[in-house]
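Following: one structure in structure tokens, then a few remarks.
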Amino acid sequence: MTKALTVLPTQNLEPFKGVKKIALEEYFTSGHRTCQGCESALVMKLMAKAAGPRTVILGATGCMYVANTTYYSTSWVVPWMHTQLGAAGSAAVGTAAGLKALMRKNRIKQEPINVIAFCGDGGGADMGLSSISAALTYPEYNFLILMYDNESYANTDIQLSSMTPYGANTTFSPPGKARRILHKRWKKNVAGMLAAGHPECRYVATVDASYALEMMNRVRKALTIGGPTFIHSLDPCPKGWDYDPIQSHDLGELAVETGVWPLFEVEDGVLKFYGKSKSIAQGRKRKPVREYLLRQGRFAHFTDEDIEYFQKKIDQMWERWLIPGAVCIAMSDDIKKALAKSEVELATAN
Amino acid sequence: MTVATKPAAAADKEMLISGCAAIAQALRLADIDVVTAYPIRPYDTVMQAVAKLIANGELDAEYIVASSEHDQFEIVKHASAVGARVFCGSSGVGWMYAMEAIAVTPALRLPMVALVGNRALDDPGAFGCEHNDALCVRDLGWMLTWVDTAQEALDTALIAYRVAEDPRIFLPCAIGADGAFLTHSETIVKVPSKEKVDQFLPKYDRGDKLLHPDNPITIAPQVNEDWVMEIRKQNDEAMRRARGVIQEAFRDFHKIFGRQGGNPFVESYMADDAEVILFGQGTLSMPVKVGVRKLREQGHKVGFVRLRWLRPFPTPEVQEALGRAKAVGVVDRDYSFGSPNYGAVLYNEVRSALYDLPKRPHVISFICGLGGREVTLDSVVEMSEILLKVAKTGKVEQPNYWIGVRG
Amino acid sequence: MTGSVEVVYRGIFQKHLGQRITRGIVLAAVKEGKVGISFGRYGDSPERNGIPAKSFAVVADNEEELQAYLSRYEPSNNDVTVAVDDTLCKGVESWAWYGLQPINKLTRPGGTVLATSMQSPEELLKDCHRKDAEWSLAVIKAIPSFSGLWVYKDDHTDVRVLGAIARLAPHVVKLESVEAAIRDEWGDELKVASVRKAYERVEIRKVRPDEGNPEKPYEFQLPKWWEMKEGLVIPGIPVKQEVEGWEGGYRPGRNPTFKKFSTRTMRPVVDFEICTKCTLCWLQCPDSCFDVTPTGHYDANMEACCGCGVCEAVCPVENCITMVNEAAFADNASQFETYEKDKDAYKTWLKGKIEDKVVTYRSHGFRYRGQYEEELAQMAAGGQLHSGVQSINEEPGAGPG
């Protein structure tokens with residue numbers, strides 16, 4: 001019997017050093033049937049471009065399945081396969097495991113092949129969360145799970161998911177005469193939750209395709225570092241958010257500038273903010289969420305109180321969380337004191 | 001020209017093992033690549049056996065303990081798409097939990113082999129045997145076979161891979177094994193050598209359907225009404241072809257291993273001249289065969305026919321085996337509430353298969369042995385007597401009987 | 001007597017508009033004691049912003065007639081085909097099928113295509129494919145009305161179309177019944193007035209079979225079941241297309257089956273002279289529509305551009321990329337090739353496209369809260385150019401501004 005390989009090597013994907021150095025090749029190309037200005041389609045393009053040709057991609061049910069691969073045609077250059085709505089994690093594990101077994105048995109060439117499974121917020125944060133969580137506990141397989149979050153079940157006609165922002169108009173939460181706000185849940189903090197809960201997962205990041213270079217380099221890092229990794233992308237959706245598609249890019253930027261969408265990466269257990277979120281974390285003033293909300297038809301029914309409530313929740317995220325935007329708990333005062341004391345002792349001892 | 005002589009294949013090794021352990025041996029011999037586990041009785045016994053093989057280095061496969069049955073089946077589904085030989089399985093509501101993944105596999109034409117350790121569906125939670133779990137896939141494009149003994153379990157698992165992975169077929173195959181009676185009972189099983197198995201079972205070659213950077217394809221795009229019927233028709237044709245491929249596989253199996261020489265689709269026991277025949281599948285055969293012998297001693301022309309493949313359904317063989325009888329009793333270890341005559345699944349399948357015969361036997365439905373209840377010798381006699389009466393009078397007083405229910 | 005109307009609209013942008021029109025037809029027909037049904041083409045859902053979709057209304061004197069008509073999934077003998085966006089006259093490719101369907105394909109011989117447009121029927125006819133029968137092209141003068149899923153821009157386009165239908169196909173709905181239905185549904189006399197004006201002012205032009213765009217639209221033959229690869233497998237796209245004389249340039253492989261010719265309502269025009277080659281349009285395009293030219297410019301390939309406008313939004317150079325109404329273009333030629341052939345001629349062409357704001361203006365939905373109210377207020381004031389309904393008060397044929 002051949003000697004078991006414990007972990008296969010990954011491709012060494014160096015960061016693209018500047019926009020001029022980005023590869024010309026597209027591995028997710030034109031001819032998909034997404035909406036005008038679809039930011040999730042941009043995420044697919046940048047993700048595939050960052051990963052390169054030796055890649056297998058699995059796509060869970062959702063817009064990026066239905067609109068991208070209308071039968072008899074496809075927009076994928078690299079091999080691509082559909083997986084079920086809640087199965088992104090399992091698809092990644094199964095594909096990586098199959099490739100690994102066949103390489104070990106010399107049935108296919110031994111080489112690093114990127115495995116990426118993507119899912120939307122419905123597939124990732126709702127139905128498939130358990131499958132993703134399980135996947136992130138298998139350190140012997142190399143893959144990236146990318147969740148493109150357009151904040152609703154956008155393919156099926158914009159029904160709310162656990163990632164839909166508070167109060168947004170969706171077909172499952174229409175503003176009515178008796179209840180202006182039908183959806184009162186606050187969005188899950190998926191990247192933070194997965195980073196905090198999976199100590200063997202070496203890389204978790206949030207990204208925003210409006211910052212394309214940064215986004216691609218995070219994909220490259222996730223694929224290079226090895227083991228199971230996770231990226232959460234926030235994607236403005238002209239259909240579900242109800243805005244002129246020309247605004248897609250601006251809204252992606254505004255999400256970061258208002259602090260609604262913090263950009264961070266957790267590498268080997270250490271969290272770093274990057275891009276504009278880094279300066280926000282260091283004290284730069286956030287833009288008011290009002291600017292972001294009122295450019296989207298889904299919030300057109302908001303009163304001033306609703307906007308204030310939204311702003312307050314974002315303020316809390318930056319001011320009260322243990323790690324802003326990532327860990328939504330704070331420490332009690334006595335623990336803070338005790339930790340501060342032991343830090344002093346540690347410093348003295350050193 | 002020199003002729004290379006093959007090394008003499010080692011003799012079969014006899015082992016005292018359960019049906020589940022026998023399947024684990026088949027998996028070792030088939031050199032599977034990826035296997036997933038998740039606990040539910042009684043199927044999980046096979047995974048306990050597989051885990052030992054992995055731990056002892058006897059089986060070289062990616063062994064993944066999953067977080068649910070749905071994960072289990074999705075993982076192997078995707079491993080199969082990149083060319084790995086896979087195994088999976090479940091029981092009862094676990095099988096139902098995985099149903100989405102199970103349902104999508106046939107259209108993807110992935111030759112997954114799965115074990116269903118038949119178990120009653122919750123609620124109430126029950127561990128005993130019932131066939132309704134596996135029967136849920138009978139319309140979906142899975143090949144579906146039931147085994148009777150641990151030996152047959154081992155042999156069938158090897159045959160299942162051979163048929164499923166045949167490029168003319170590429171359909172998944174589920175092996176039904178009666179919970180407890182087969183999964184947990186240990187008998188002597190002939191375990192063949194790896195050389196012989198290699199002769200019988202070629203490597204899984206996915207050809208131009210392989211998902212790999214060297215073969216950039218898109219698998220399973222979204223379709224609309226312009227395409228679905230054509231895709232379903234392709235699956236229908238593959239299932240039609242499966243019949244011939246199963247026969248081929250049994251012929252070769254017999255040649256190489258010296259076993260499984262009989263009819264691949266039905267086992268007939270004292271049925272050739274029988275006036276009345278009991279018909280069923282799985283481990284039912286043991287008490288029924290005993291009953292048949294007993295009734296024969298008393299001068300009654302009773303026989304037994306065991307169905308081995310439910311999908312593809314062997315219509316000609318069933319017609320041939322049952323057509324001459326005066327009355328047939330279909331023993332269902334399942335239910336289909338509200339179905340014609342309040343019969344059950346197998347009953348309705350058999351009635352439909354016999355319908356085109358110019359002279360049809362009467363068909364009676366017996367629902368028996370649910371939830372793992374034993375099918376006793378007395379039950380067999382009771383059912384036979386009902387059939388003998390129908391045969392004698394030519395009248396069906398009651399189309400359906402629940403046998404062994406208190407009341 | 002049975003009658004039917006097909007409304008072809010831009011997915012999501014005009015979803016509510018399309019539904020309002022077909023619902024309005026049925027509600028009006030009911031006023032005449034008829035029966036009717038309103039439905040969307042199921043294969044068009046889930047809709048995408050911009051990708052053409054359809055909604056239908058069928059009315060009949062009784063249930064039996066209606067049932068007989070509905071044995072069709074998609075009515076193919078429509079009295080009126082409504083194109084609520086005039087660029088749909090170039091042809092329709094739904095996201096559910098392949099091939100380009102001429103706008104008048106499902107219009108019955110002698111029937112009418114009705115468009116909301118700032119163009120005259122004469123101009124619009126150049127876009128419409130020829131039909132093997134006589135038909136009519138009618139126009140309601142208006143900038144096509146676009147909004148989105150949650151906020152509807154109530155600029156009376158819906159009721160104006162209903163008024164025009166009453167004129168074009170009175171056997172489907174009569175003017176009085178449309179008015180009655182609108183009073184019931186909305187209780188708004190201004191809308192009723194709009195119905196009547198549209199009824200009076202809709203411009204109609206008879207079209208002979210030898211008139212219109214002679215081009216044969218792209219058709220797609222569906223394969224037989226045994227011709228399709230088993231296992232739901234289709235080939236991926238080759239990574240690159242070789243272009244002669246393009247050393248150093250890059251044209252990615254593109255989906256050979258689905259093109260975006262009929263998805264677009266605007267397209268970018270590029271001033272290559274002031275382009276700094278910053279890569280942003282190319283990088284941020286969700287449709288990967290830009291070919292990289294050997295000179296390092298980015299040329300929007302019209303088979304792939306869906307007209308979202310993101311390139312204009314990200315371009316750091318003023319007036320380098322400008323989104324222009326798709327109606328202003330007669331072909332899908334490469335702008336870079338035209339530029340290379342004759343730079344001065346290109347400059348003149350480009351200037352014309354950018355400056356002709358009458359043609360270029362399009363509304364593409366929600367940009368900020370209050371925008372639609374502002375536009376509707378302009379409408380009320382009358383005579384303002386940038387509103388979808390300003391032309392209500394104009395005489396037919398009168399040019400805007």
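Ligands are numbered from 1 in the order shown, residues from 1 within each chain, and chains are lettered A, B, ... in the order they appear in the structure tokens.
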- [ ] With a cut-off of 12 Å and counting only C-alpha atoms, select all residues of chain B in contact with chain C and give the selection as a ChimeraX atom specification.
- [x] /B:81,104-111,167-171,206-238
Convert the current residue selection to file output with N, CA and C atoms, as a short mmCIF file (atom, residue, chain, number, x, y, z; two decimals), in the first residue's frame.
```
data_model
loop_
_atom_site.label_atom_id
_atom_site.label_comp_id
_atom_site.auth_asym_id
_atom_site.auth_seq_id
_atom_site.Cartn_x
_atom_site.Cartn_y
_atom_site.Cartn_z
N ALA B 81 -17.78 12.27 -8.54
CA ALA B 81 -17.68 13.10 -9.75
C ALA B 81 -16.24 13.34 -10.18
N VAL B 104 -30.81 13.52 -6.19
CA VAL B 104 -30.12 14.17 -7.31
C VAL B 104 -29.05 13.29 -7.95
N THR B 105 -28.66 12.22 -7.28
CA THR B 105 -27.53 11.42 -7.77
C THR B 105 -27.80 10.72 -9.11
N PRO B 106 -28.98 10.12 -9.33
CA PRO B 106 -29.16 9.40 -10.61
C PRO B 106 -29.02 10.29 -11.84
N ALA B 107 -29.57 11.50 -11.81
CA ALA B 107 -29.49 12.34 -13.01
C ALA B 107 -28.05 12.78 -13.26
N LEU B 108 -27.25 12.86 -12.20
CA LEU B 108 -25.84 13.18 -12.36
C LEU B 108 -25.07 11.99 -12.91
N ARG B 109 -25.73 10.84 -12.91
CA ARG B 109 -25.15 9.60 -13.44
C ARG B 109 -23.87 9.24 -12.69
N LEU B 110 -23.99 9.32 -11.36
CA LEU B 110 -22.85 8.97 -10.51
C LEU B 110 -23.08 7.58 -9.92
N PRO B 111 -22.10 6.69 -10.12
CA PRO B 111 -22.32 5.28 -9.74
C PRO B 111 -22.03 5.00 -8.27
N PRO B 167 -20.02 2.24 -18.06
CA PRO B 167 -20.33 3.52 -18.70
C PRO B 167 -21.67 3.53 -19.44
N ARG B 168 -22.19 2.35 -19.77
CA ARG B 168 -23.50 2.31 -20.41
C ARG B 168 -24.60 2.63 -19.39
N ILE B 169 -24.25 2.51 -18.11
CA ILE B 169 -25.26 2.67 -17.07
C ILE B 169 -25.02 3.94 -16.25
N PHE B 170 -23.93 4.00 -15.52
CA PHE B 170 -23.63 5.12 -14.63
C PHE B 170 -24.86 5.53 -13.80
N LEU B 171 -25.40 4.56 -13.09
CA LEU B 171 -26.50 4.87 -12.17
C LEU B 171 -26.12 4.39 -10.78
N ARG B 206 -14.42 7.39 -15.30
CA ARG B 206 -15.54 8.30 -15.57
C ARG B 206 -15.47 8.90 -16.98
N GLY B 207 -14.34 8.66 -17.64
CA GLY B 207 -14.25 9.10 -19.04
C GLY B 207 -14.42 10.60 -19.20
N ASP B 208 -15.21 10.98 -20.21
CA ASP B 208 -15.33 12.42 -20.49
C ASP B 208 -16.30 13.14 -19.56
N LYS B 209 -16.76 12.43 -18.54
CA LYS B 209 -17.62 13.09 -17.54
C LYS B 209 -16.84 13.44 -16.28
N LEU B 210 -15.50 13.22 -16.35
CA LEU B 210 -14.68 13.44 -15.16
C LEU B 210 -14.53 14.94 -14.87
N LEU B 211 -14.75 15.29 -13.63
CA LEU B 211 -14.56 16.69 -13.22
C LEU B 211 -13.09 16.86 -12.81
N HIS B 212 -12.33 17.53 -13.64
CA HIS B 212 -10.90 17.68 -13.41
C HIS B 212 -10.41 18.83 -14.29
N PRO B 213 -9.42 19.58 -13.82
CA PRO B 213 -8.93 20.70 -14.65
C PRO B 213 -8.51 20.28 -16.06
N ASP B 214 -8.13 19.02 -16.25
CA ASP B 214 -7.77 18.58 -17.60
C ASP B 214 -9.00 18.33 -18.47
N ASN B 215 -10.16 18.31 -17.87
CA ASN B 215 -11.39 18.06 -18.62
C ASN B 215 -12.43 19.10 -18.20
N PRO B 216 -12.24 20.36 -18.64
CA PRO B 216 -13.08 21.43 -18.10
C PRO B 216 -14.52 21.36 -18.61
N ILE B 217 -15.36 20.80 -17.81
CA ILE B 217 -16.78 20.68 -18.16
C ILE B 217 -17.62 21.36 -17.09
N THR B 218 -18.84 21.63 -17.44
CA THR B 218 -19.81 22.12 -16.47
C THR B 218 -20.82 20.99 -16.24
N ILE B 219 -21.03 20.66 -14.97
CA ILE B 219 -21.94 19.55 -14.66
C ILE B 219 -23.19 20.08 -13.96
N ALA B 220 -24.32 19.64 -14.47
CA ALA B 220 -25.63 19.92 -13.86
C ALA B 220 -26.02 21.39 -13.84
N PRO B 221 -26.03 22.00 -15.03
CA PRO B 221 -26.55 23.37 -15.07
C PRO B 221 -28.05 23.40 -14.83
N GLN B 222 -28.53 24.60 -14.65
CA GLN B 222 -29.97 24.79 -14.49
C GLN B 222 -30.66 24.53 -15.83
N VAL B 223 -31.82 23.88 -15.82
CA VAL B 223 -32.54 23.66 -17.07
C VAL B 223 -33.97 24.16 -16.95
N ASN B 224 -34.59 24.36 -18.09
CA ASN B 224 -36.01 24.70 -18.07
C ASN B 224 -36.78 23.62 -18.83
N GLU B 225 -38.02 23.90 -19.12
CA GLU B 225 -38.88 22.87 -19.71
C GLU B 225 -38.43 22.42 -21.09
N ASP B 226 -37.51 23.14 -21.70
CA ASP B 226 -37.01 22.71 -23.01
C ASP B 226 -36.10 21.49 -22.91
N TRP B 227 -35.68 21.12 -21.73
CA TRP B 227 -34.64 20.11 -21.62
C TRP B 227 -34.97 18.94 -20.70
N VAL B 228 -35.85 19.16 -19.74
CA VAL B 228 -35.99 18.16 -18.67
C VAL B 228 -36.45 16.81 -19.21
N MET B 229 -37.39 16.79 -20.14
CA MET B 229 -37.90 15.50 -20.62
C MET B 229 -36.80 14.69 -21.29
N GLU B 230 -35.95 15.36 -22.05
CA GLU B 230 -34.86 14.66 -22.73
C GLU B 230 -33.89 14.06 -21.71
N ILE B 231 -33.67 14.81 -20.64
CA ILE B 231 -32.75 14.32 -19.59
C ILE B 231 -33.37 13.11 -18.87
N ARG B 232 -34.65 13.19 -18.59
CA ARG B 232 -35.32 12.05 -17.95
C ARG B 232 -35.30 10.83 -18.87
N LYS B 233 -35.46 11.09 -20.15
CA LYS B 233 -35.47 9.98 -21.11
C LYS B 233 -34.10 9.28 -21.11
N GLN B 234 -33.05 10.06 -20.98
CA GLN B 234 -31.72 9.44 -20.92
C GLN B 234 -31.61 8.50 -19.73
N ASN B 235 -32.14 8.93 -18.59
CA ASN B 235 -32.10 8.05 -17.41
C ASN B 235 -32.95 6.80 -17.61
N ASP B 236 -34.08 6.98 -18.25
CA ASP B 236 -34.95 5.85 -18.52
C ASP B 236 -34.23 4.82 -19.38
N GLU B 237 -33.53 5.30 -20.39
CA GLU B 237 -32.81 4.38 -21.27
C GLU B 237 -31.69 3.65 -20.52
N ALA B 238 -31.01 4.39 -19.64
CA ALA B 238 -29.93 3.76 -18.87
C ALA B 238 -30.49 2.65 -18.00
#
```
TODO: Do me a favour and pick out the residues of chain A within 9 Å of chain B, using only C-alpha atoms, as a PyMOL selection string.
DONE: chain A and resi 1-2+4+53-56+58+65-84+86-87+89-102+105+113+130-131+134-135+138
Task: Contact set, chain A to chain C: 6 Å, only C-alpha atoms, as a list in words - done: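 The answer, sorted by residue number, is Thr29, Ser30, Gly31, Cys35, Gln36, Gly37, Ala41, Leu42, Ser75, Trp76, Val77, Asp242, Tyr243, Asp244, Pro245, Ile246, Leu294, Arg295 and Gly297 of chain A.
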TODO: Within 10 Å of Ala49 of chain B, counting only C-alpha atoms, which residues show up once you throw out same-chain ones fewer than 2 positions away? Write them as a PyMOL selection string, please.
DONE: chain B and resi 18+20-25+44-47+51-55
Quick one: write out the picked residues with C-alpha atoms as a short mmCIF file (atom, residue, chain, number, x, y, z; two decimals), in the first residue's frame?
```cif
data_model
loop_
_atom_site.label_atom_id
_atom_site.label_comp_id
_atom_site.auth_asym_id
_atom_site.auth_seq_id
_atom_site.Cartn_x
_atom_site.Cartn_y
_atom_site.Cartn_z
CA SER B 18 -22.28 -10.48 9.75
CA CYS B 20 -22.50 -5.74 7.35
CA ALA B 21 -18.99 -7.07 7.88
CA ALA B 22 -19.37 -9.02 4.62
CA ILE B 23 -20.11 -5.76 2.82
CA ALA B 24 -17.09 -4.16 4.48
CA GLN B 25 -15.01 -7.02 3.05
CA ASP B 44 -23.72 1.79 10.98
CA THR B 45 -22.41 -1.69 11.72
CA VAL B 46 -20.92 -1.69 8.26
CA MET B 47 -19.09 1.54 9.08
CA ALA B 51 -13.41 1.86 10.48
CA LYS B 52 -11.51 -1.19 11.72
CA LEU B 53 -10.27 -1.96 8.22
CA ILE B 54 -9.07 1.63 7.88
CA ALA B 55 -7.49 1.67 11.32
#
```
Open item on the list: Nearest residue to Val266 of chain B out of B:Ile246, B:Val318, B:Met239, B:Val330, using only C-alpha atoms?
Closed with: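 The answer is B:Val318, which sits nearest to Val266 of chain B.
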